[in-house]
Amino acid sequence: MATARRRLRSGTVLLGGMGLLATALTACSSAPDKRCVDRDSYRLAKGYKVVSDKNCKTTKASVDGAWYYGGKKKGSWVKGGSFTKSSKGSGSHSGSGGSSHDGVHRGGFGGGHGSSGG
C-alpha cells in the first residue's frame, strides 16, 4: 500500500509541475516580439535593421533606435510589425503609418463624423 501511495504522490507532483510549466509558457508566448530597430534604416524589400537593445534604452545612442513589435525577422532585418504595442481586446489596431480612432477630431467646420452642415 505504501508503494502505491508513493506513486500517486509523485504522479500528482509531476502533473502539477506540468500545469505550471504550461501556464508559464502560455504567458510568455502571448507577449509580442519586441526588437530594437534603427528608424532611419528602412528598406522596402528588407524592412528595418535590428540594432542592439541599448540603442532603445538611452537617448545618447548613435542611431535613432525604437522598439518594433511583431513582424518577421530575416537575418538582421525585420518587417511586417509595428512601432505601437498592440493591447489585448482593444478592437482597433494602428499599424505603422495607419490611423487610429482615438476620439480626437481635427479639421474645422464639418470635421466631425456624422455632423451635418447647416
# chains A, B, ... in the order shown; residues from 1 in each chain; ligands from 1
$ residues_around --residues "Ala45 (chain A)" --least-positions-apart "2" --cutoff "10 Å" --atoms "only C-alpha atoms" --output "ChimeraX atom specification"
/A:42-43,47-48,77,79
$ residues_around --residues "Lys72 (chain A)" --least-positions-apart "2" --cutoff "12 Å" --atoms "only C-alpha atoms" --output "JSON, numbers by chain"
{"A": [32, 33, 34, 35, 46, 47, 48, 49, 50, 68, 69, 70, 74, 75, 76, 77, 78, 79, 80, 81, 82]}
$ atom_distance --atom1 "CA of Thr84 (chain A)" --atom2 "CA of Asp53 (chain A)"
16.7 Å
